[in-house]
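Dropping target-v8.txt in here (compact mmCIF, C-alpha atoms):
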# COMPACT_ATOMS: atom_id res chain seq x y z
CA MET I 198 35.75 -85.63 41.74
CA THR I 199 34.42 -84.22 45.01
CA PHE I 200 31.81 -82.36 42.94
CA LEU I 201 30.51 -85.61 41.49
CA THR I 202 30.37 -87.24 44.93
CA ASP I 203 28.47 -84.18 46.21
CA VAL I 204 25.91 -84.63 43.44
CA TRP I 205 25.73 -88.35 44.25
CA HIS I 206 25.10 -87.53 47.91
CA TRP I 207 22.47 -84.98 46.89
CA PHE I 208 20.51 -87.77 45.20
CA GLY I 209 20.96 -89.89 48.34
CA ARG I 210 19.58 -87.29 50.74
CA SER I 211 16.23 -88.58 51.96
CA ALA I 212 14.79 -85.04 52.31
CA ASN I 213 15.09 -84.69 48.54
CA TRP I 214 12.67 -87.51 47.96
CA HIS I 215 9.73 -86.39 50.13
CA GLY I 216 7.15 -83.62 50.26
CA ASP I 217 6.40 -80.69 47.98
CA ASP I 218 10.11 -79.99 47.56
CA GLY I 219 10.97 -83.60 46.78
CA ILE I 220 12.11 -85.01 43.46
CA PRO I 221 8.91 -87.05 42.79
CA HIS I 222 6.63 -84.02 43.25
CA ARG I 223 8.87 -81.74 41.14
CA LEU I 224 9.09 -84.42 38.46
CA VAL I 225 5.30 -84.67 38.27
CA GLU I 226 5.03 -80.87 38.01
CA HIS I 227 7.66 -80.81 35.27
CA LEU I 228 5.88 -83.56 33.33
CA GLY I 229 2.57 -81.71 33.86
CA TYR I 230 3.80 -78.43 32.30
CA SER I 231 5.58 -80.31 29.49
CA GLY I 232 2.70 -82.65 28.65
CA LEU I 233 0.11 -79.88 28.66
CA ALA I 234 2.29 -77.65 26.47
CA LEU I 235 2.98 -80.46 23.98
CA LEU I 236 -0.73 -81.31 23.83
CA LEU I 237 -1.76 -77.69 23.19
CA ALA I 238 0.98 -77.21 20.60
CA ALA I 239 -0.04 -80.42 18.81
CA LEU I 240 -3.71 -79.34 18.84
CA VAL I 241 -2.72 -76.12 17.07
CA ALA I 242 0.06 -77.32 14.78
CA LEU I 243 -1.08 -80.76 13.60
CA PRO I 244 -4.43 -79.77 12.02
CA LEU I 245 -2.89 -76.62 10.52
CA GLY I 246 0.09 -78.55 9.12
CA LEU I 247 -2.20 -81.23 7.65
CA LEU I 248 -4.48 -78.59 6.15
CA ILE I 249 -1.77 -76.57 4.40
CA GLY I 250 0.07 -79.75 3.41
CA HIS I 251 -3.07 -81.30 1.92
CA THR I 252 -4.31 -78.20 0.09
CA GLY I 253 -0.84 -76.84 -0.65
CA ARG I 254 -2.12 -73.31 0.04
CA GLY I 255 -0.24 -70.81 2.18
CA GLY I 256 2.60 -73.24 2.77
CA LEU I 257 5.46 -70.84 2.06
CA LEU I 258 3.96 -68.12 4.25
CA VAL I 259 3.32 -70.43 7.21
CA VAL I 260 6.77 -72.07 7.00
CA ASN I 261 8.49 -68.69 6.91
CA LEU I 262 6.40 -67.40 9.83
CA ALA I 263 7.18 -70.56 11.80
CA ASN I 264 10.90 -70.14 11.12
CA ALA I 265 10.77 -66.54 12.29
CA ALA I 266 8.93 -67.73 15.44
CA ARG I 267 11.89 -70.02 16.20
CA ALA I 268 13.89 -66.85 16.88
CA LEU I 269 11.56 -65.84 19.74
CA PRO I 270 13.59 -66.00 22.96
CA THR I 271 11.57 -68.29 25.26
CA VAL I 272 12.87 -66.61 28.40
CA GLY I 273 11.79 -63.23 27.06
CA VAL I 274 8.31 -64.51 26.20
CA VAL I 275 7.81 -66.03 29.68
CA ILE I 276 8.90 -62.85 31.43
CA LEU I 277 6.90 -60.66 29.04
CA VAL I 278 3.66 -62.56 29.72
CA VAL I 279 4.36 -62.70 33.48
CA THR I 280 4.80 -58.94 33.54
CA VAL I 281 1.50 -58.45 31.71
CA VAL I 282 -0.80 -61.05 33.33
CA GLY I 283 1.06 -61.96 36.53
CA ILE I 284 2.60 -65.15 37.80
CA GLY I 285 0.84 -68.41 37.01
CA ILE I 286 0.99 -71.32 34.64
CA LEU I 287 -0.27 -69.27 31.65
CA PRO I 288 3.04 -67.48 30.84
CA VAL I 289 4.98 -70.74 30.92
CA LEU I 290 2.42 -72.48 28.71
CA VAL I 291 2.36 -69.60 26.21
CA ALA I 292 6.16 -69.68 25.88
CA LEU I 293 6.43 -73.47 25.65
CA VAL I 294 3.64 -73.69 23.09
CA ALA I 295 5.31 -70.94 21.02
CA LEU I 296 8.50 -73.01 21.21
CA ALA I 297 6.82 -76.27 20.17
CA VAL I 298 4.48 -75.14 17.37
CA PRO I 299 7.16 -74.38 14.71
CA PRO I 300 8.87 -77.81 14.62
CA ILE I 301 5.53 -79.71 14.66
CA LEU I 302 3.95 -77.44 12.04
CA VAL I 303 6.91 -77.40 9.63
CA ASN I 304 7.53 -81.15 9.83
CA THR I 305 3.83 -82.03 9.42
CA TYR I 306 3.52 -79.70 6.44
CA GLN I 307 6.67 -81.04 4.80
CA GLY I 308 5.68 -84.62 5.54
CA VAL I 309 2.30 -84.28 3.84
CA ARG I 310 3.74 -82.18 1.00
CA GLY I 311 6.46 -84.74 0.36
CA VAL I 312 4.10 -87.65 -0.22
CA ASP I 313 4.74 -89.15 -3.67
CA ALA I 314 2.35 -87.57 -6.21
CA ASP I 315 1.94 -90.96 -7.95
CA LEU I 316 0.73 -92.41 -4.66
CA LYS I 317 -1.95 -89.73 -4.30
CA ASP I 318 -2.99 -90.14 -7.94
CA ALA I 319 -3.32 -93.87 -7.42
CA ALA I 320 -5.47 -93.30 -4.32
CA ARG I 321 -7.74 -90.89 -6.18
CA GLY I 322 -7.89 -93.29 -9.11
CA MET I 323 -9.19 -95.95 -6.74
CA GLY I 324 -12.06 -93.58 -5.93
CA MET I 325 -10.86 -92.25 -2.58
CA THR I 326 -12.25 -88.86 -1.53
CA GLY I 327 -10.04 -85.99 -0.31
CA TRP I 328 -10.59 -87.06 3.30
CA GLN I 329 -9.80 -90.68 2.56
CA VAL I 330 -6.60 -89.70 0.76
CA LEU I 331 -5.58 -87.60 3.76
CA VAL I 332 -6.39 -90.22 6.39
CA GLY I 333 -5.50 -93.35 4.45
CA VAL I 334 -2.48 -92.24 2.43
CA GLU I 335 -1.02 -88.89 3.36
CA ILE I 336 -1.05 -89.20 7.16
CA PRO I 337 0.49 -92.71 7.26
CA SER I 338 3.16 -91.68 4.74
CA ALA I 339 3.93 -88.45 6.58
CA LEU I 340 3.99 -90.13 10.00
CA PRO I 341 7.79 -90.45 10.36
CA LEU I 342 8.25 -86.71 9.79
CA VAL I 343 5.25 -85.79 11.94
CA LEU I 344 6.68 -87.85 14.80
CA LEU I 345 10.12 -86.29 14.27
CA GLY I 346 8.49 -82.88 14.68
CA LEU I 347 6.70 -83.98 17.87
CA ARG I 348 9.94 -85.49 19.20
CA THR I 349 11.95 -82.33 18.56
CA ALA I 350 9.20 -80.29 20.20
CA ALA I 351 9.03 -82.62 23.23
CA ILE I 352 12.79 -82.47 23.87
CA GLN I 353 12.82 -78.70 23.60
CA ILE I 354 9.78 -78.38 25.89
CA VAL I 355 11.21 -80.69 28.57
CA SER I 356 14.57 -78.86 28.57
CA THR I 357 13.00 -75.43 28.51
CA ALA I 358 10.30 -76.08 31.15
CA THR I 359 13.25 -75.63 33.53
CA ILE I 360 12.77 -71.87 33.31
CA ALA I 361 9.28 -72.13 34.86
CA ALA I 362 11.13 -72.09 38.17
CA TYR I 363 12.64 -68.70 37.30
CA VAL I 364 9.15 -67.17 37.53
CA SER I 365 8.34 -68.85 40.86
CA LEU I 366 6.64 -71.97 39.53
CA GLY I 367 7.61 -75.56 40.28
CA GLY I 368 9.16 -78.29 38.18
CA LEU I 369 12.68 -79.63 38.14
CA GLY I 370 14.01 -76.14 37.45
CA ARG I 371 13.42 -75.40 41.16
CA PHE I 372 16.49 -77.47 42.05
CA VAL I 373 18.53 -75.51 39.49
CA PHE I 374 17.41 -72.00 40.42
CA ASP I 375 17.13 -72.57 44.19
CA GLY I 376 20.55 -74.19 44.14
CA LEU I 377 21.91 -71.23 42.21
CA ALA I 378 20.46 -68.79 44.76
CA ARG I 379 21.86 -70.76 47.72
CA GLU I 380 25.16 -71.52 45.94
CA ASP I 381 24.35 -75.18 46.48
CA TYR I 382 25.86 -76.49 43.23
CA SER I 383 25.10 -80.13 43.93
CA SER I 384 21.40 -79.23 43.84
CA VAL I 385 21.95 -77.32 40.57
CA ALA I 386 23.75 -80.27 38.99
CA GLY I 387 21.24 -82.77 40.41
CA GLY I 388 18.35 -80.82 38.86
CA ALA I 389 20.23 -80.57 35.56
CA VAL I 390 20.87 -84.32 35.50
CA LEU I 391 17.18 -84.99 36.13
CA VAL I 392 16.09 -82.65 33.31
CA ALA I 393 18.59 -84.17 30.86
CA ALA I 394 17.49 -87.69 31.81
CA LEU I 395 13.84 -86.74 31.31
CA ALA I 396 14.64 -85.21 27.89
CA LEU I 397 16.50 -88.35 26.78
CA LEU I 398 13.68 -90.50 28.14
CA SER I 399 11.07 -88.58 26.14
CA GLU I 400 13.26 -89.01 23.05
CA ALA I 401 13.37 -92.77 23.73
CA VAL I 402 9.58 -92.89 24.13
CA PHE I 403 9.14 -91.29 20.71
CA VAL I 404 11.58 -93.73 19.11
CA ILE I 405 9.52 -96.62 20.53
CA VAL I 406 6.22 -95.03 19.45
CA GLN I 407 7.66 -94.55 15.97
CA ARG I 408 8.61 -98.25 15.77
CA ALA I 409 5.09 -99.18 16.85
CA VAL I 410 2.95 -96.93 14.65
CA VAL I 411 4.90 -96.37 11.44
CA SER I 412 3.94 -98.81 8.70
CA PRO I 413 6.76 -101.30 7.97
CA GLY I 414 6.57 -100.53 4.25
CA ILE I 415 7.46 -96.90 4.92
CA ARG I 416 10.13 -97.72 7.47
CA GLN I 417 12.08 -99.76 4.92
CA ARG I 418 12.20 -96.84 2.52
CA GLY I 419 13.57 -94.50 5.17
CA MET X 1221 5.54 -48.89 27.00
CA LYS X 1222 7.74 -45.93 27.88
CA TRP X 1223 9.19 -44.97 24.48
CA GLY X 1224 11.49 -42.38 26.04
CA TRP X 1225 13.40 -45.18 27.79
CA ILE X 1226 14.80 -46.41 24.47
CA PRO X 1227 16.82 -43.34 23.33
CA ASP X 1228 17.99 -42.86 26.94
CA HIS X 1229 19.58 -46.30 26.88
CA PHE X 1230 21.03 -46.47 23.34
CA GLY X 1231 24.54 -47.02 24.68
CA MET X 1232 23.57 -49.91 26.92
CA LEU X 1233 21.40 -51.51 24.22
CA GLY X 1234 24.34 -51.36 21.80
CA THR X 1235 26.66 -53.04 24.33
CA LEU X 1236 24.14 -55.81 25.04
CA LEU X 1237 23.49 -56.35 21.33
CA GLY X 1238 27.26 -56.64 20.79
CA GLN X 1239 27.65 -59.14 23.65
CA HIS X 1240 24.68 -61.12 22.39
CA SER X 1241 26.11 -61.29 18.85
CA VAL X 1242 29.51 -62.48 20.06
CA LEU X 1243 28.00 -65.15 22.32
CA ALA X 1244 25.77 -66.39 19.47
CA PHE X 1245 28.11 -66.15 16.45
CA VAL X 1246 31.45 -67.36 17.88
CA PRO X 1247 29.91 -70.81 18.59
CA VAL X 1248 28.55 -70.96 15.02
CA LEU X 1249 32.05 -70.35 13.62
CA LEU X 1250 33.72 -72.80 16.00
CA GLY X 1251 31.02 -75.39 15.36
CA LEU X 1252 31.45 -75.01 11.59
CA LEU X 1253 35.25 -75.34 11.89
CA VAL X 1254 34.84 -78.66 13.70
CA ALA X 1255 31.77 -79.96 11.84
CA VAL X 1256 33.21 -79.73 8.30
CA PRO X 1257 36.30 -81.92 8.88
CA LEU X 1258 34.30 -84.22 11.17
CA GLY X 1259 31.54 -84.60 8.57
CA MET X 1260 34.13 -85.21 5.84
CA ALA X 1261 35.71 -87.91 7.99
CA CYS X 1262 32.29 -89.52 8.54
CA VAL X 1263 31.72 -89.68 4.79
CA ARG X 1264 35.20 -91.07 4.16
CA TRP X 1265 34.97 -93.68 6.93
CA PRO X 1266 31.21 -94.46 7.29
CA ARG X 1267 31.85 -96.68 10.27
CA ILE X 1268 32.50 -93.72 12.61
CA TYR X 1269 29.23 -91.97 11.63
CA PRO X 1270 26.75 -93.86 13.90
CA PRO X 1271 28.73 -93.25 17.13
CA VAL X 1272 29.28 -89.58 16.18
CA LEU X 1273 25.54 -89.21 15.50
CA ALA X 1274 24.61 -90.87 18.82
CA THR X 1275 26.98 -88.62 20.78
CA THR X 1276 25.67 -85.44 19.16
CA SER X 1277 22.02 -86.47 19.77
CA ILE X 1278 22.73 -86.97 23.47
CA LEU X 1279 24.52 -83.60 23.67
CA TYR X 1280 21.50 -81.98 22.03
CA ALA X 1281 19.14 -83.40 24.68
CA ILE X 1282 20.98 -81.77 27.59
CA PRO X 1283 19.17 -78.55 28.54
CA SER X 1284 21.21 -75.42 27.87
CA ILE X 1285 20.61 -73.96 31.34
CA ALA X 1286 22.06 -77.15 32.84
CA LEU X 1287 25.22 -76.92 30.74
CA PHE X 1288 25.65 -73.21 31.51
CA VAL X 1289 25.26 -73.78 35.23
CA PHE X 1290 27.52 -76.84 35.16
CA LEU X 1291 30.28 -74.88 33.42
CA VAL X 1292 30.03 -71.90 35.78
CA SER X 1293 31.80 -73.95 38.43
CA TYR X 1294 34.72 -74.47 35.99
CA THR X 1295 34.91 -71.41 33.75
CA GLY X 1296 33.10 -68.88 35.96
CA LEU X 1297 30.82 -66.11 34.70
CA ASN X 1298 32.83 -65.61 31.49
CA PRO X 1299 32.02 -65.88 27.76
CA PRO X 1300 33.34 -69.50 27.44
CA THR X 1301 30.56 -70.65 29.79
CA ALA X 1302 28.04 -69.74 27.09
CA ILE X 1303 30.26 -70.38 24.07
CA ILE X 1304 31.18 -74.02 24.88
CA PRO X 1305 27.59 -75.39 25.18
CA LEU X 1306 26.39 -73.40 22.15
CA THR X 1307 29.33 -74.73 20.11
CA LEU X 1308 28.27 -78.26 21.03
CA TYR X 1309 24.66 -77.57 19.96
CA THR X 1310 25.86 -76.05 16.68
CA LEU X 1311 28.06 -79.09 16.10
CA SER X 1312 25.12 -81.44 16.72
CA VAL X 1313 23.05 -79.72 14.04
CA LEU X 1314 25.86 -79.21 11.53
CA VAL X 1315 27.56 -82.62 11.43
CA ARG X 1316 24.33 -84.18 10.19
CA ASN X 1317 23.91 -81.52 7.49
CA VAL X 1318 27.56 -81.74 6.35
CA VAL X 1319 27.23 -85.53 5.95
CA ASP X 1320 23.81 -85.28 4.22
CA GLY X 1321 25.17 -82.56 1.93
CA LEU X 1322 28.29 -84.51 0.96
CA ARG X 1323 26.23 -87.64 0.36
CA SER X 1324 23.81 -85.73 -1.89
CA VAL X 1325 26.52 -85.21 -4.52
CA PRO X 1326 25.26 -87.06 -7.64
CA GLU X 1327 27.31 -90.07 -8.67
CA SER X 1328 27.62 -88.69 -12.23
CA VAL X 1329 29.28 -85.52 -10.90
CA ARG X 1330 31.66 -87.59 -8.84
CA GLN X 1331 32.61 -89.71 -11.83
CA ALA X 1332 33.05 -86.63 -14.02
CA ALA X 1333 35.35 -85.12 -11.38
CA THR X 1334 37.37 -88.32 -11.18
CA ALA X 1335 37.62 -88.42 -14.99
CA MET X 1336 38.98 -84.86 -14.90
CA GLY X 1337 41.74 -86.03 -12.58
CA PHE X 1338 40.36 -85.02 -9.16
CA THR X 1339 41.28 -87.56 -6.52
CA GLY X 1340 40.72 -88.10 -2.79
CA LEU X 1341 40.88 -85.02 -0.62
CA ARG X 1342 41.18 -82.64 -3.56
CA ARG X 1343 37.90 -83.88 -5.02
CA LEU X 1344 36.24 -83.61 -1.60
CA LEU X 1345 37.36 -79.98 -1.17
CA ARG X 1346 36.97 -78.69 -4.74
CA VAL X 1347 33.89 -80.62 -5.94
CA ASP X 1348 31.88 -82.30 -3.16
CA LEU X 1349 32.06 -79.52 -0.55
CA PRO X 1350 30.86 -76.69 -2.85
CA ILE X 1351 27.94 -78.85 -3.98
CA ALA X 1352 27.07 -79.50 -0.32
CA VAL X 1353 27.01 -75.75 0.50
CA PRO X 1354 23.19 -75.31 0.33
CA VAL X 1355 22.57 -78.18 2.78
CA ILE X 1356 25.35 -76.97 5.11
CA ILE X 1357 23.94 -73.43 5.07
CA ALA X 1358 20.46 -74.80 5.85
CA GLY X 1359 22.04 -76.27 9.02
CA LEU X 1360 23.88 -73.02 9.76
CA ARG X 1361 20.59 -71.10 9.59
CA ILE X 1362 18.94 -73.40 12.16
CA ALA X 1363 21.99 -73.31 14.44
CA THR X 1364 22.34 -69.51 14.22
CA VAL X 1365 18.69 -68.78 14.97
CA SER X 1366 18.55 -71.23 17.89
CA ASN X 1367 21.85 -69.91 19.31
CA ILE X 1368 20.53 -66.35 19.25
CA SER X 1369 17.48 -67.52 21.19
CA LEU X 1370 19.54 -69.60 23.65
CA VAL X 1371 21.93 -66.77 24.57
CA SER X 1372 18.97 -65.25 26.43
CA VAL X 1373 18.99 -68.30 28.71
CA ALA X 1374 22.65 -67.61 29.49
CA SER X 1375 21.58 -64.16 30.69
CA LEU X 1376 19.50 -65.77 33.45
CA ILE X 1377 22.70 -66.73 35.25
CA GLY X 1378 24.35 -63.39 34.49
CA LEU X 1379 26.37 -63.95 31.33
CA GLY X 1380 25.22 -60.74 29.62
CA GLY X 1381 23.54 -60.26 26.26
CA LEU X 1382 20.05 -59.00 25.46
CA GLY X 1383 18.52 -61.44 27.94
CA GLN X 1384 19.76 -59.09 30.65
CA LEU X 1385 16.89 -56.82 29.62
CA PHE X 1386 14.46 -59.62 30.54
CA THR X 1387 15.89 -60.24 34.00
CA ASP X 1388 16.15 -56.49 34.60
CA GLY X 1389 12.58 -55.82 33.47
CA PHE X 1390 11.29 -58.80 35.45
CA GLN X 1391 12.87 -57.66 38.71
CA ARG X 1392 11.43 -54.16 38.34
CA ALA X 1393 8.11 -55.29 36.74
CA PHE X 1394 8.98 -52.85 33.94
CA LEU X 1395 7.62 -53.86 30.53
CA THR X 1396 9.64 -51.64 28.16
CA PRO X 1397 13.06 -53.35 28.40
CA ILE X 1398 11.41 -56.78 28.05
CA VAL X 1399 9.62 -55.82 24.82
CA VAL X 1400 12.78 -54.11 23.48
CA GLY X 1401 14.77 -57.26 24.32
CA VAL X 1402 12.37 -59.59 22.49
CA VAL X 1403 12.23 -57.30 19.44
CA LEU X 1404 16.02 -56.88 19.24
CA THR X 1405 16.61 -60.63 19.63
CA VAL X 1406 14.20 -61.48 16.81
CA ALA X 1407 15.65 -58.66 14.66
CA LEU X 1408 19.19 -59.99 15.20
CA ALA X 1409 18.04 -63.47 14.15
CA VAL X 1410 16.31 -62.17 11.04
CA VAL X 1411 19.37 -60.13 9.98
CA ALA X 1412 21.69 -63.10 10.54
CA ASP X 1413 19.34 -65.34 8.55
CA VAL X 1414 19.23 -62.91 5.61
CA LEU X 1415 23.07 -62.67 5.64
CA LEU X 1416 23.31 -66.47 5.45
CA VAL X 1417 20.92 -66.58 2.50
CA VAL X 1418 23.04 -63.91 0.76
CA ALA X 1419 26.20 -65.91 1.56
CA GLN X 1420 24.62 -68.97 0.00
CA ARG X 1421 23.88 -67.07 -3.21
CA LEU X 1422 27.45 -65.78 -3.38
CA LEU X 1423 28.94 -69.22 -2.68
CA THR X 1424 26.80 -71.05 -5.23
CA PRO X 1425 26.85 -68.83 -8.35
CA TRP X 1426 25.89 -71.81 -10.53
CA ALA X 1427 22.49 -72.10 -8.81
CA ARG X 1428 21.52 -68.47 -9.46
CA GLY X 1429 20.10 -68.85 -12.97
CA ARG X 1430 18.10 -71.94 -12.09
CA THR X 1431 15.37 -70.50 -9.89
CA ALA X 1432 14.71 -67.54 -12.22
Would you mind giving the structure from this file in structure tokens?
Amino acid sequence: MTFLTDVWHWFGRSANWHGDDGIPHRLVEHLGYSGLALLLAALVALPLGLLIGHTGRGGLLVVNLANAARALPTVGVVILVVTVVGIGILPVLVALVALAVPPILVNTYQGVRGVDADLKDAARGMGMTGWQVLVGVEIPSALPLVLLGLRTAAIQIVSTATIAAYVSLGGLGRFVFDGLAREDYSSVAGGAVLVAALALLSEAVFVIVQRAVVSPGIRQRG
Amino acid sequence: MKWGWIPDHFGMLGTLLGQHSVLAFVPVLLGLLVAVPLGMACVRWPRIYPPVLATTSILYAIPSIALFVFLVSYTGLNPPTAIIPLTLYTLSVLVRNVVDGLRSVPESVRQAATAMGFTGLRRLLRVDLPIAVPVIIAGLRIATVSNISLVSVASLIGLGGLGQLFTDGFQRAFLTPIVVGVVLTVALAVVADVLLVVAQRLLTPWARGRTA
């Protein structure tokens, strides 16, 4: 129990709440890396997933490549890029984007692919063009899966952004790795609790967004 | 890249590959051993499924590095420190797939099995579970690949495995071991994935003719 009280006291220490080393600043850094990585990954994966889902071309190849990319060890990618280009935000972003693209891409593709063929026929029969079918029918129908992909990616990014601290950057991982170096385990556990809370919070945000944007007609079917 | 470094370190690379495999595969086996009975229980008594699902989702959200570091203070720098969290992640992925797989059994098959005299647990084990194999193996593939990737995180705090090549290369700003580590990790994942696909074909002989 003393360990838990130590962690509790760590959160209570006023020095941990102020300055560049404080929790608020590290939290903002962590959110910064995570948000930027998710945005970049979405910019790559969403259009690509929609394109191959809509046209149905190259789907198998892209899904298999994305699954192979899941095997890339994020730590290895960060360290590899650091060794090549030096320390900075680029290596962390490269690794986090590589982590986030596969789930977004595969879910978007499968979401669009899985839209009922009768539904698309009906839309075309009503005179909708390819674009209108995509925007008016396929995207709304695929939205639950697209959001699931974004949610999975966000959780993985938030958890994994911890390793930015291993290559001398900021973020909540600083508490973990600095604590590890100083054998200050209350700092390690405090940092871990903050990361886990942030991951669960981002999951909650996506659940709320999903409630707000997914059409009620589709929600009932799921 | 210093190619000569690779043959000079064959022995060490083999050891690390072995460690990495153990740390990644033992959790898959343990997770499967727990997930199958747990998933069967969730299908039998649907009321326990929502709380099980909620618990596993929360476990999945906890960052691996946090769990590794948390466990170090209890289990030290030993294999269980990596194996316990990875087992929990595997379990989170698999329970869902076991339940989905068991629920995907067509009602007509279930009725035919009952008509042939299969009841209760015997029907679950001899009819429902084999039919659920493809969905369960789909979960095993995800869990195996992500475990192999996560073991590298365990190396950051000194638990061994191929990730040790990353920390080593990073400290000496030496590219070769880092590239070798990434390549071996991906290769291990690809081999494991192929083995699971082969296992699926062997376990579901009735599905073989269908795709051809």
Nearest candidate to chain X (options I:Leu240, I:Ala268, I:Leu262, I:Leu296; using only C-alpha atoms): I:Ala268
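Put simply, CA of Gly219 in chain I is 26.3 Å away from CA of Ala1374 in chain X.
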Expected answer as a PyMOL selection string: chain I residues within 8 Å of chain X, only C-alpha atoms: chain I and resi 265+267-274+276-277+280-281+352-353+356-357+359+373+385-386+388-390+392-393+396-397
Minimum-distance residue to Leu287 in chain I, chosen among I:Ala234, I:Gly308, I:Val259, I:Ser412 (using only C-alpha atoms): I:Ala234
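Going from CA of Gly346 in chain I to CA of Val402 in chain I covers 13.8 Å.
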Selection near range 1261-1265 of chain X, 8 Å with only C-alpha atoms, sequence-local residues under 6 positions removed, as JSON, numbers by chain: {"X": [1319, 1322, 1323]}
12 Å contact set for range 214-217 of chain I, only C-alpha atoms, chain neighbours under 6 positions out, as a PyMOL selection string: chain I and resi 207-208+223-226+367-369+371
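Each of I:Leu228, I:Val343, I:Val291, I:Met325 was compared to Leu398 in chain I using only C-alpha atoms, and I:Leu228 turns out to be the nearest.
Between CA of Thr1276 in chain X and CA of Leu1258 in chain X the separation is 11.8 Å.
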Starting from the sparse input, extend range 281-296 of chain I to N, CA and C atoms and give the output as a short mmCIF file (atom, residue, chain, number, x, y, z; two decimals), keeping the file's coordinate frame.
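Output file result21.cif is given in full below:
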data_model
loop_
_atom_site.label_atom_id
_atom_site.label_comp_id
_atom_site.auth_asym_id
_atom_site.auth_seq_id
_atom_site.Cartn_x
_atom_site.Cartn_y
_atom_site.Cartn_z
N VAL I 281 2.82 -58.94 32.12
CA VAL I 281 1.50 -58.45 31.71
C VAL I 281 0.38 -59.08 32.54
N VAL I 282 0.36 -60.42 32.68
CA VAL I 282 -0.80 -61.05 33.33
C VAL I 282 -0.50 -61.55 34.74
N GLY I 283 0.74 -61.49 35.18
CA GLY I 283 1.06 -61.96 36.53
C GLY I 283 1.53 -63.40 36.52
N ILE I 284 2.03 -63.82 37.69
CA ILE I 284 2.60 -65.15 37.80
C ILE I 284 1.52 -66.21 37.79
N GLY I 285 1.79 -67.31 37.11
CA GLY I 285 0.84 -68.41 37.01
C GLY I 285 1.35 -69.35 35.94
N ILE I 286 0.51 -70.34 35.60
CA ILE I 286 0.99 -71.32 34.64
C ILE I 286 0.86 -70.80 33.20
N LEU I 287 -0.03 -69.77 33.00
CA LEU I 287 -0.27 -69.27 31.65
C LEU I 287 1.00 -68.80 30.93
N PRO I 288 1.84 -67.95 31.56
CA PRO I 288 3.04 -67.48 30.84
C PRO I 288 3.94 -68.63 30.39
N VAL I 289 4.11 -69.62 31.26
CA VAL I 289 4.98 -70.74 30.92
C VAL I 289 4.39 -71.52 29.75
N LEU I 290 3.06 -71.74 29.80
CA LEU I 290 2.42 -72.48 28.71
C LEU I 290 2.51 -71.72 27.39
N VAL I 291 2.28 -70.40 27.44
CA VAL I 291 2.36 -69.60 26.21
C VAL I 291 3.75 -69.76 25.59
N ALA I 292 4.79 -69.63 26.41
CA ALA I 292 6.16 -69.68 25.88
C ALA I 292 6.50 -71.07 25.36
N LEU I 293 6.10 -72.11 26.10
CA LEU I 293 6.43 -73.47 25.65
C LEU I 293 5.67 -73.85 24.39
N VAL I 294 4.40 -73.40 24.30
CA VAL I 294 3.64 -73.69 23.09
C VAL I 294 4.26 -72.96 21.89
N ALA I 295 4.66 -71.69 22.10
CA ALA I 295 5.31 -70.94 21.02
C ALA I 295 6.59 -71.63 20.58
N LEU I 296 7.26 -72.29 21.51
CA LEU I 296 8.50 -73.01 21.21
C LEU I 296 8.22 -74.28 20.40
#
